[in-house]
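Colleague: To be precise about what I am sending: the file is called coords30.cif and holds mmCIF, C-alpha atoms.
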```cif
data_target
#
loop_
_atom_site.label_atom_id
_atom_site.label_comp_id
_atom_site.auth_asym_id
_atom_site.auth_seq_id
_atom_site.Cartn_x
_atom_site.Cartn_y
_atom_site.Cartn_z
CA MET A 1 58.39 8.68 -59.87
CA LEU A 2 58.60 12.35 -60.85
CA SER A 3 58.61 11.44 -64.53
CA ASP A 4 55.39 9.47 -64.07
CA ALA A 5 53.80 12.26 -62.02
CA ARG A 6 54.58 14.84 -64.72
CA GLU A 7 52.63 12.92 -67.38
CA ILE A 8 49.35 14.53 -66.32
CA LYS A 9 49.36 18.34 -66.23
CA THR A 10 47.30 20.51 -63.90
CA VAL A 11 45.09 23.34 -65.14
CA ASP A 12 47.79 25.85 -64.16
CA GLU A 13 50.48 23.90 -66.03
CA ILE A 14 48.34 23.78 -69.17
CA SER A 15 47.80 27.53 -68.88
CA LEU A 16 51.56 28.11 -68.75
CA LEU A 17 52.20 25.75 -71.67
CA THR A 18 49.55 27.59 -73.69
CA HIS A 19 51.11 30.98 -72.87
CA SER A 20 54.55 29.68 -73.82
CA ALA A 21 53.18 28.48 -77.17
CA ALA A 22 51.43 31.82 -77.73
CA MET A 23 54.79 33.57 -77.46
CA VAL A 24 56.09 31.39 -80.29
CA ASP A 25 52.96 32.23 -82.32
CA ALA A 26 54.14 35.86 -82.16
CA ALA A 27 57.72 34.97 -83.07
CA TYR A 28 56.54 33.09 -86.15
CA PHE A 29 54.44 36.09 -87.20
CA ASP A 30 57.56 38.27 -87.05
CA LEU A 31 59.53 35.67 -89.02
CA TYR A 32 56.85 35.44 -91.68
CA GLN A 33 57.01 39.18 -92.24
CA ALA A 34 60.82 39.32 -92.22
CA MET A 35 61.79 36.41 -94.47
CA ARG A 36 62.89 37.36 -97.98
CA PRO A 37 65.79 36.62 -100.35
CA GLY A 38 69.07 37.41 -98.58
CA PHE A 39 67.68 36.66 -95.10
CA ARG A 40 69.95 34.15 -93.37
CA GLU A 41 69.27 31.31 -90.97
CA ASN A 42 71.22 33.09 -88.23
CA ASP A 43 69.18 36.27 -88.86
CA ALA A 44 66.07 34.21 -88.10
CA VAL A 45 67.56 32.88 -84.88
CA ALA A 46 68.46 36.41 -83.73
CA LEU A 47 64.99 37.73 -84.56
CA VAL A 48 63.22 34.92 -82.68
CA ALA A 49 65.46 35.12 -79.62
CA LYS A 50 65.01 38.88 -79.37
CA ARG A 51 61.23 38.63 -79.70
CA LEU A 52 60.89 35.87 -77.11
CA TYR A 53 63.12 37.56 -74.54
CA GLU A 54 61.19 40.81 -75.01
CA MET A 55 57.98 38.89 -74.27
CA GLY A 56 59.35 37.40 -71.05
CA SER A 57 61.01 34.15 -72.04
CA GLU A 58 63.47 33.03 -69.40
CA TYR A 59 65.46 30.75 -71.70
CA VAL A 60 65.56 30.36 -75.47
CA GLU A 61 67.02 26.89 -75.61
CA GLY A 62 67.25 26.65 -79.35
CA VAL A 63 65.95 27.82 -82.71
CA ASN A 64 66.53 25.19 -85.36
CA ALA A 65 66.64 27.09 -88.66
CA ILE A 66 66.93 24.78 -91.66
CA SER A 67 66.68 25.83 -95.31
CA ALA A 68 66.80 24.28 -98.78
CA GLU A 69 69.32 21.46 -99.21
CA ARG A 70 70.00 21.33 -95.45
CA ALA A 71 66.46 20.03 -94.89
CA SER A 72 66.78 16.36 -95.89
CA PRO A 73 68.00 14.87 -93.68
CA HIS A 74 68.17 17.87 -91.39
CA PRO A 75 70.46 18.81 -88.52
CA HIS A 76 69.16 20.55 -85.42
CA VAL A 77 71.39 23.59 -85.68
CA PHE A 78 71.39 26.76 -87.75
CA SER A 79 74.00 28.13 -90.15
CA ASP A 80 74.68 31.39 -91.97
CA ARG A 81 73.10 30.05 -95.17
CA MET A 82 71.39 32.78 -97.18
CA MET A 83 67.85 32.15 -98.39
CA ARG A 84 67.02 32.42 -102.08
CA PRO A 85 63.77 32.61 -104.08
CA GLY A 86 62.04 29.23 -104.10
CA ASP A 87 63.83 27.94 -101.00
CA PRO A 88 61.93 25.93 -98.40
CA VAL A 89 62.77 26.69 -94.77
CA PHE A 90 61.54 25.24 -91.50
CA TYR A 91 62.11 26.06 -87.86
CA ASP A 92 61.71 24.44 -84.47
CA ILE A 93 61.47 26.99 -81.65
CA LEU A 94 62.28 25.77 -78.14
CA HIS A 95 62.06 28.11 -75.17
CA SER A 96 60.87 28.25 -71.57
CA TYR A 97 58.30 30.49 -69.90
CA MET A 98 58.12 30.07 -66.11
CA GLY A 99 59.67 26.64 -66.61
CA TYR A 100 57.27 25.41 -69.30
CA ARG A 101 58.60 24.59 -72.73
CA THR A 102 57.73 24.64 -76.40
CA CYS A 103 58.66 22.35 -79.26
CA TYR A 104 56.99 23.87 -82.30
CA TYR A 105 57.95 23.39 -86.00
CA ARG A 106 56.71 25.53 -88.87
CA CYS A 107 57.60 25.37 -92.58
CA PHE A 108 57.66 28.16 -95.20
CA ALA A 109 58.76 28.88 -98.75
CA ILE A 110 60.63 32.02 -99.86
CA GLY A 111 58.91 33.91 -102.69
CA SER A 112 57.42 30.81 -104.31
CA ALA A 113 57.11 27.08 -103.75
CA SER A 114 57.93 24.23 -106.11
CA HIS A 115 55.35 21.57 -106.93
CA GLN A 116 57.55 19.02 -105.13
CA LEU A 117 57.57 21.08 -101.93
CA VAL A 118 53.80 21.59 -102.08
CA ASP A 119 53.38 17.81 -102.39
CA ALA A 120 55.81 17.10 -99.54
CA TYR A 121 54.05 19.60 -97.30
CA LYS A 122 50.65 18.04 -98.00
CA ARG A 123 51.95 14.57 -97.16
CA CYS A 124 53.52 15.91 -93.99
CA ARG A 125 50.27 17.66 -92.99
CA ASP A 126 48.11 14.64 -93.81
CA TYR A 127 50.17 12.36 -91.53
CA LEU A 128 50.07 14.96 -88.77
CA ASP A 129 46.30 15.46 -89.03
CA ALA A 130 45.71 11.71 -88.99
CA SER A 131 47.66 11.38 -85.74
CA ILE A 132 46.01 14.43 -84.12
CA ASP A 133 42.59 12.95 -84.89
CA LEU A 134 43.43 9.95 -82.68
CA ILE A 135 44.38 12.01 -79.61
CA ARG A 136 41.60 11.42 -77.09
CA PRO A 137 41.26 9.58 -73.77
CA GLY A 138 41.33 5.80 -74.04
CA ARG A 139 43.33 5.64 -77.27
CA SER A 140 46.88 4.30 -77.22
CA THR A 141 50.21 5.60 -78.46
CA ALA A 142 50.40 2.50 -80.71
CA GLU A 143 47.26 3.63 -82.56
CA VAL A 144 48.80 7.06 -83.12
CA ALA A 145 52.14 5.70 -84.34
CA SER A 146 50.43 3.22 -86.68
CA VAL A 147 49.12 5.99 -88.97
CA TRP A 148 52.65 7.26 -89.67
CA PRO A 149 54.65 5.86 -92.60
CA LYS A 150 57.27 3.17 -92.16
CA ALA A 151 60.86 4.39 -92.27
CA THR A 152 61.48 2.55 -95.54
CA GLU A 153 58.68 4.55 -97.18
CA PHE A 154 60.63 7.81 -96.93
CA GLY A 155 64.22 6.74 -97.50
CA PHE A 156 65.50 5.23 -94.24
CA PRO A 157 66.64 1.63 -93.67
CA ASP A 158 64.82 1.12 -90.37
CA GLU A 159 62.85 2.85 -87.61
CA GLU A 160 65.93 3.58 -85.52
CA ALA A 161 67.52 5.50 -88.41
CA ALA A 162 64.32 7.53 -88.85
CA PHE A 163 63.73 8.11 -85.13
CA ALA A 164 62.39 11.61 -84.24
CA LEU A 165 61.17 12.37 -87.76
CA GLN A 166 57.64 11.01 -87.29
CA MET A 167 57.10 11.17 -83.55
CA GLY A 168 55.28 12.49 -80.54
CA HIS A 169 56.44 13.34 -77.05
CA GLY A 170 55.05 14.78 -73.87
CA ILE A 171 56.00 18.37 -73.16
CA GLY A 172 56.07 20.29 -69.89
CA LEU A 173 59.00 21.19 -67.65
CA ALA A 174 61.14 19.34 -70.19
CA ILE A 175 60.91 19.33 -73.96
CA TRP A 176 60.68 15.53 -74.03
CA GLU A 177 58.55 13.93 -71.35
CA LYS A 178 56.50 10.74 -71.09
CA PRO A 179 54.90 9.29 -73.05
CA MET A 180 56.96 8.98 -76.24
CA ILE A 181 55.22 8.07 -79.50
CA SER A 182 57.21 6.45 -82.30
CA ARG A 183 56.98 3.41 -84.54
CA LEU A 184 60.31 2.39 -82.99
CA VAL A 185 58.80 1.78 -79.53
CA SER A 186 55.06 2.42 -79.42
CA LEU A 187 53.78 -0.46 -81.55
CA GLU A 188 55.23 -3.04 -79.15
CA HIS A 189 54.97 -0.92 -75.98
CA PRO A 190 51.69 1.02 -76.16
CA HIS A 191 50.78 3.66 -73.60
CA GLU A 192 47.25 4.82 -72.74
CA ILE A 193 46.36 8.42 -73.60
CA LYS A 194 44.76 10.21 -70.63
CA PRO A 195 43.14 13.61 -69.97
CA GLY A 196 45.67 16.24 -68.91
CA MET A 197 48.51 14.93 -71.07
CA VAL A 198 50.13 17.47 -73.37
CA PHE A 199 51.85 16.20 -76.53
CA ALA A 200 53.96 17.64 -79.28
CA LEU A 201 53.33 15.71 -82.51
CA GLU A 202 55.73 16.22 -85.40
CA THR A 203 55.96 14.87 -88.94
CA PHE A 204 58.50 15.05 -91.78
CA TRP A 205 58.35 14.29 -95.48
CA PRO A 206 61.10 14.69 -98.11
CA THR A 207 60.59 16.04 -101.62
CA LYS A 208 60.55 13.40 -104.36
CA ASP A 209 64.05 14.31 -105.54
CA GLY A 210 65.39 14.13 -101.97
CA THR A 211 66.89 17.62 -102.08
CA SER A 212 64.63 19.14 -99.43
CA ALA A 213 61.70 18.43 -97.12
CA ALA A 214 58.73 19.72 -95.14
CA ARG A 215 58.43 19.62 -91.34
CA ILE A 216 55.42 20.54 -89.16
CA GLU A 217 54.60 20.21 -85.46
CA GLU A 218 51.61 20.91 -83.23
CA GLU A 219 51.20 20.88 -79.45
CA ILE A 220 48.00 19.20 -78.23
CA VAL A 221 46.23 19.05 -74.86
CA VAL A 222 44.21 15.90 -74.14
CA THR A 223 40.81 16.98 -72.79
CA GLU A 224 38.10 14.89 -71.11
CA THR A 225 36.34 14.39 -74.45
CA GLY A 226 39.05 14.84 -77.08
CA HIS A 227 41.88 17.30 -77.62
CA GLU A 228 42.78 20.96 -78.13
CA VAL A 229 45.60 22.24 -80.36
CA ILE A 230 47.40 25.07 -78.54
CA THR A 231 49.88 26.03 -81.30
CA ARG A 232 47.97 28.55 -83.40
CA PHE A 233 50.27 29.99 -86.05
CA PRO A 234 48.67 28.86 -89.36
CA ALA A 235 50.00 25.63 -90.83
CA GLU A 236 47.07 23.99 -92.63
CA GLN A 237 48.73 24.97 -95.91
CA LEU A 238 52.27 25.92 -96.87
CA LEU A 239 52.89 29.65 -96.30
CA VAL A 240 54.94 31.64 -98.83
CA CYS A 241 56.95 34.66 -97.62
CA GLY A 242 57.96 37.72 -99.62
CA ALA A 243 55.37 37.21 -102.38
CA PRO A 244 54.00 38.18 -104.82
CA PHE A 245 56.45 39.16 -107.53
CA VAL A 246 54.73 41.63 -109.86
CA THR A 247 55.42 41.72 -113.61
CA VAL A 248 54.00 43.81 -116.48
CA ASN A 249 51.53 40.99 -117.11
CA GLY A 250 50.47 40.54 -113.50
CA THR A 251 51.84 38.55 -110.59
CA LEU A 252 54.03 35.50 -111.03
CA PRO A 253 52.49 32.21 -109.89
CA ILE A 254 53.18 31.36 -106.25
CA VAL A 255 53.60 27.67 -107.09
CA ARG A 256 56.37 27.58 -109.66
CA GLU A 257 59.74 26.01 -110.33
CA THR A 258 62.86 28.09 -109.79
CA GLU A 259 63.87 27.42 -113.40
CA ASN A 260 60.85 27.90 -115.65
CA PRO A 261 60.41 26.67 -119.23
CA PRO A 262 60.54 29.30 -122.01
CA ASN A 263 57.33 31.17 -122.81
CA ASP A 264 55.19 30.39 -125.87
CA ASP A 265 56.79 33.05 -128.08
CA VAL A 266 60.25 31.63 -127.42
CA LYS A 267 59.02 28.10 -128.11
CA ARG A 268 57.67 29.20 -131.51
CA MET A 269 60.95 30.94 -132.34
CA VAL A 270 62.96 27.85 -131.42
CA ALA A 271 60.65 25.57 -133.41
CA ALA A 272 60.90 27.84 -136.47
CA ALA A 273 64.70 27.95 -136.19
CA LYS A 274 64.89 24.15 -135.98
CA ALA A 275 62.59 23.77 -138.99
CA GLU A 276 64.73 26.19 -141.01
CA ALA A 277 67.89 24.34 -140.03
CA VAL A 278 66.69 20.99 -141.38
CA LYS A 279 65.54 22.28 -144.81
CA PRO A 280 67.54 20.64 -147.65
CA ALA A 281 70.03 22.91 -149.39
CA LYS A 282 69.10 24.09 -152.93
CA VAL A 283 70.99 22.39 -155.77
CA GLY A 284 73.61 24.70 -157.19
CA ALA A 285 73.38 27.15 -154.34
#
```
As C-alpha cells, what does this structure read like?
Modeller:
Amino acid sequence: MLSDAREIKTVDEISLLTHSAAMVDAAYFDLYQAMRPGFRENDAVALVAKRLYEMGSEYVEGVNAISAERASPHPHVFSDRMMRPGDPVFYDILHSYMGYRTCYYRCFAIGSASHQLVDAYKRCRDYLDASIDLIRPGRSTAEVASVWPKATEFGFPDEEAAFALQMGHGIGLAIWEKPMISRLVSLEHPHEIKPGMVFALETFWPTKDGTSAARIEEEIVVTETGHEVITRFPAEQLLVCGAPFVTVNGTLPIVRETENPPNDDVKRMVAAAKAEAVKPAKVGA
C-alpha cells in the first residue's frame, strides 16, 4: 500500500527531489574541473562525498566511478584505477537530502575522446532522448521501453542479462520505486504514466570494439501537460575534461585516437625509404 501511495509525489516532495538533484549538479561541476590524467576513481568518490556532505547531504549512499575498460560491462563500485588521456569515465551519484534520493549518471572523457566513444555517447543520448520525449500523462511504460534497443543489439543474450542497462525507475524516498520501466517487464506489463510521478531514465551503449561504453541518466518529473527534467548538469554532448593540449602548431583535436597515425612528413619519409629499398642493385656493384 505504501509503495503504491509513493508513486505520486506531492509538490513538497518534488521540491526536495529537485534540491537533491541540484546538489549533484554542483558535485559534477567540481568533478569536471578536477578530472585530469592521474586522477583516480577513488579520488572522484572522495571529492563528491565531501562536496555533498558540505552542502547538507544526510547520506551519500554510493558514487559509482567507472573508467575505461571497466565500463563494459560495468560494476557498480569504484576502484583505485588511475585515469589516462583518452579514457572515458562515467559516474552514478546516489545520495539523500531530507530523505529524498538521486540516481544520476554522467559520462566524460579525459583530455580527448575517441571516435568510437563519441559514437557510443550519441547512441546512448539518442535512446535517452527518445524515451524522455514519451514521458507525459496517459502514455504507458511499455511505450517508453519499446524505443530502447533489444538486449541482443548491444551484446547480451536476453533482456534479463541486460537488465538495468536500458531502464527507468521511480525515485523518491528510495532509489528504486514504482513504476519500473524495462523491456524485461514493461512490454507485457504496462503501467500508466501519471502527473506527479518522478522517474530516473538511464541508457547505456558500448563502443564498437567492446572495450568501453557510455552511460547517461536524467531525472524527470511528470507534469499535467508533459514533463520537466530536473537534472541540469550538461549532458547533451560528451564533455571532455582537462583539454585542450596546446602544441607549437595549435591545440590538438579533442576528438582523436590515443595512438595517432604518423604525420605527413613521416609518411613521405617512410614511402621514400621503401622505394629506395626496392630499387634493383646495379650490375657489378
Colleague: Sorted by chain and rising residue number, list the residues of segment 83-121 of chain A at most 9 Å from segment 23-35 of chain A (counting all atoms listed in the file), each with its closest atom pair and distance in Å to one decimal, as a tab-separated table.
Modeller:
```
residue	atom	partner	partner_atom	distance
A:Met83	CA	A:Met35	CA	8.4
A:Ile93	CA	A:Val24	CA	7.1
A:Leu94	CA	A:Val24	CA	8.6
A:His95	CA	A:Val24	CA	8.5
A:Tyr97	CA	A:Met23	CA	8.9
A:Thr102	CA	A:Val24	CA	8.0
A:Tyr104	CA	A:Val24	CA	7.8
A:Arg106	CA	A:Tyr28	CA	8.0
A:Phe108	CA	A:Tyr32	CA	8.1
A:Ile110	CA	A:Met35	CA	7.0
```
Colleague: For this file, the PyMOL selection byres ((chain A and resi 217) around 7) selects which residues, as a PyMOL selection string?
Modeller: chain A and resi 104-106+200-203+216+218-219
Colleague: With C-alpha atoms retained, write the just-selected residues as a PDB file, in the frame of the given file.
Modeller:
```pdb
ATOM      1  CA  TYR A 104      56.990  23.870 -82.300  1.00  0.00           C
ATOM      2  CA  TYR A 105      57.950  23.390 -86.000  1.00  0.00           C
ATOM      3  CA  ARG A 106      56.710  25.530 -88.870  1.00  0.00           C
ATOM      4  CA  ALA A 200      53.960  17.640 -79.280  1.00  0.00           C
ATOM      5  CA  LEU A 201      53.330  15.710 -82.510  1.00  0.00           C
ATOM      6  CA  GLU A 202      55.730  16.220 -85.400  1.00  0.00           C
ATOM      7  CA  THR A 203      55.960  14.870 -88.940  1.00  0.00           C
ATOM      8  CA  ILE A 216      55.420  20.540 -89.160  1.00  0.00           C
ATOM      9  CA  GLU A 218      51.610  20.910 -83.230  1.00  0.00           C
ATOM     10  CA  GLU A 219      51.200  20.880 -79.450  1.00  0.00           C
TER      11      GLU A 219
END
```
Colleague: What does the distance from atom CA of Lys150 of chain A to atom CA of Glu228 of chain A come to in Å, to one decimal?
Modeller: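 The value is 26.9 Å.
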Colleague: Which of these, A:Val198, A:Ala235, A:Ile254, A:Ile8, has the shortest distance to Val222 of chain A once you count all atoms listed in the file?
Modeller: A:Val198
Colleague: Given the file above and the PyMOL selection byres ((chain A and resi 120) around 7), which residues are selected, and can you give them as a tab-separated table (two decimals) with C-alpha atoms, in the frame of the given file?
Modeller:
```tsv
chain	number	residue	atom	x	y	z
A	116	GLN	CA	57.55	19.02	-105.13
A	117	LEU	CA	57.57	21.08	-101.93
A	118	VAL	CA	53.80	21.59	-102.08
A	119	ASP	CA	53.38	17.81	-102.39
A	121	TYR	CA	54.05	19.60	-97.30
A	122	LYS	CA	50.65	18.04	-98.00
A	123	ARG	CA	51.95	14.57	-97.16
A	124	CYS	CA	53.52	15.91	-93.99
A	205	TRP	CA	58.35	14.29	-95.48
A	206	PRO	CA	61.10	14.69	-98.11
A	207	THR	CA	60.59	16.04	-101.62
A	213	ALA	CA	61.70	18.43	-97.12
A	214	ALA	CA	58.73	19.72	-95.14
```
Colleague: Restricting the calculation to all atoms listed in the file: of A:Met167, A:Met98, A:Leu238, A:Ile175, which residue gets closest to Asp12 of chain A?
Modeller: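 That would be A:Met98, the residue with the smallest distance to Asp12 of chain A.
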Colleague: What separation in Å, quoted to one decimal, exists between atom CA of Thr211 of chain A and atom CA of Ser72 of chain A?
Modeller: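 Spanning atom CA of Thr211 of chain A to atom CA of Ser72 of chain A is a straight-line distance of 6.3 Å.
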Colleague: What is the atom CA of Glu236 of chain A to atom CA of Ala68 of chain A distance in Å?
Modeller: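 Going from atom CA of Glu236 of chain A over to atom CA of Ala68 of chain A covers 20.7 Å.
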Colleague: Hey, which of A:Met1, A:Arg215, A:Val144, A:Pro262 ends up closest to Tyr91 of chain A? Count only C-alpha atoms.
Modeller: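 Looking at the shortest contact to Tyr91 of chain A, the residue is A:Arg215.
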Colleague: Counting only C-alpha atoms, which residue out of A:Ser114, A:Ser182, A:Thr10, A:Thr223 sits closest to Val147 of chain A?
Modeller: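 The answer is A:Ser182, which sits nearest to Val147 of chain A.
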Colleague: Which residue gives the smallest distance to Asp92 of chain A among A:Ile220, A:Leu47, A:Val270, A:Cys107, with all atoms listed in the file counted?
Modeller: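 Using all atoms listed in the file, the shortest distance to Asp92 of chain A belongs to A:Cys107.
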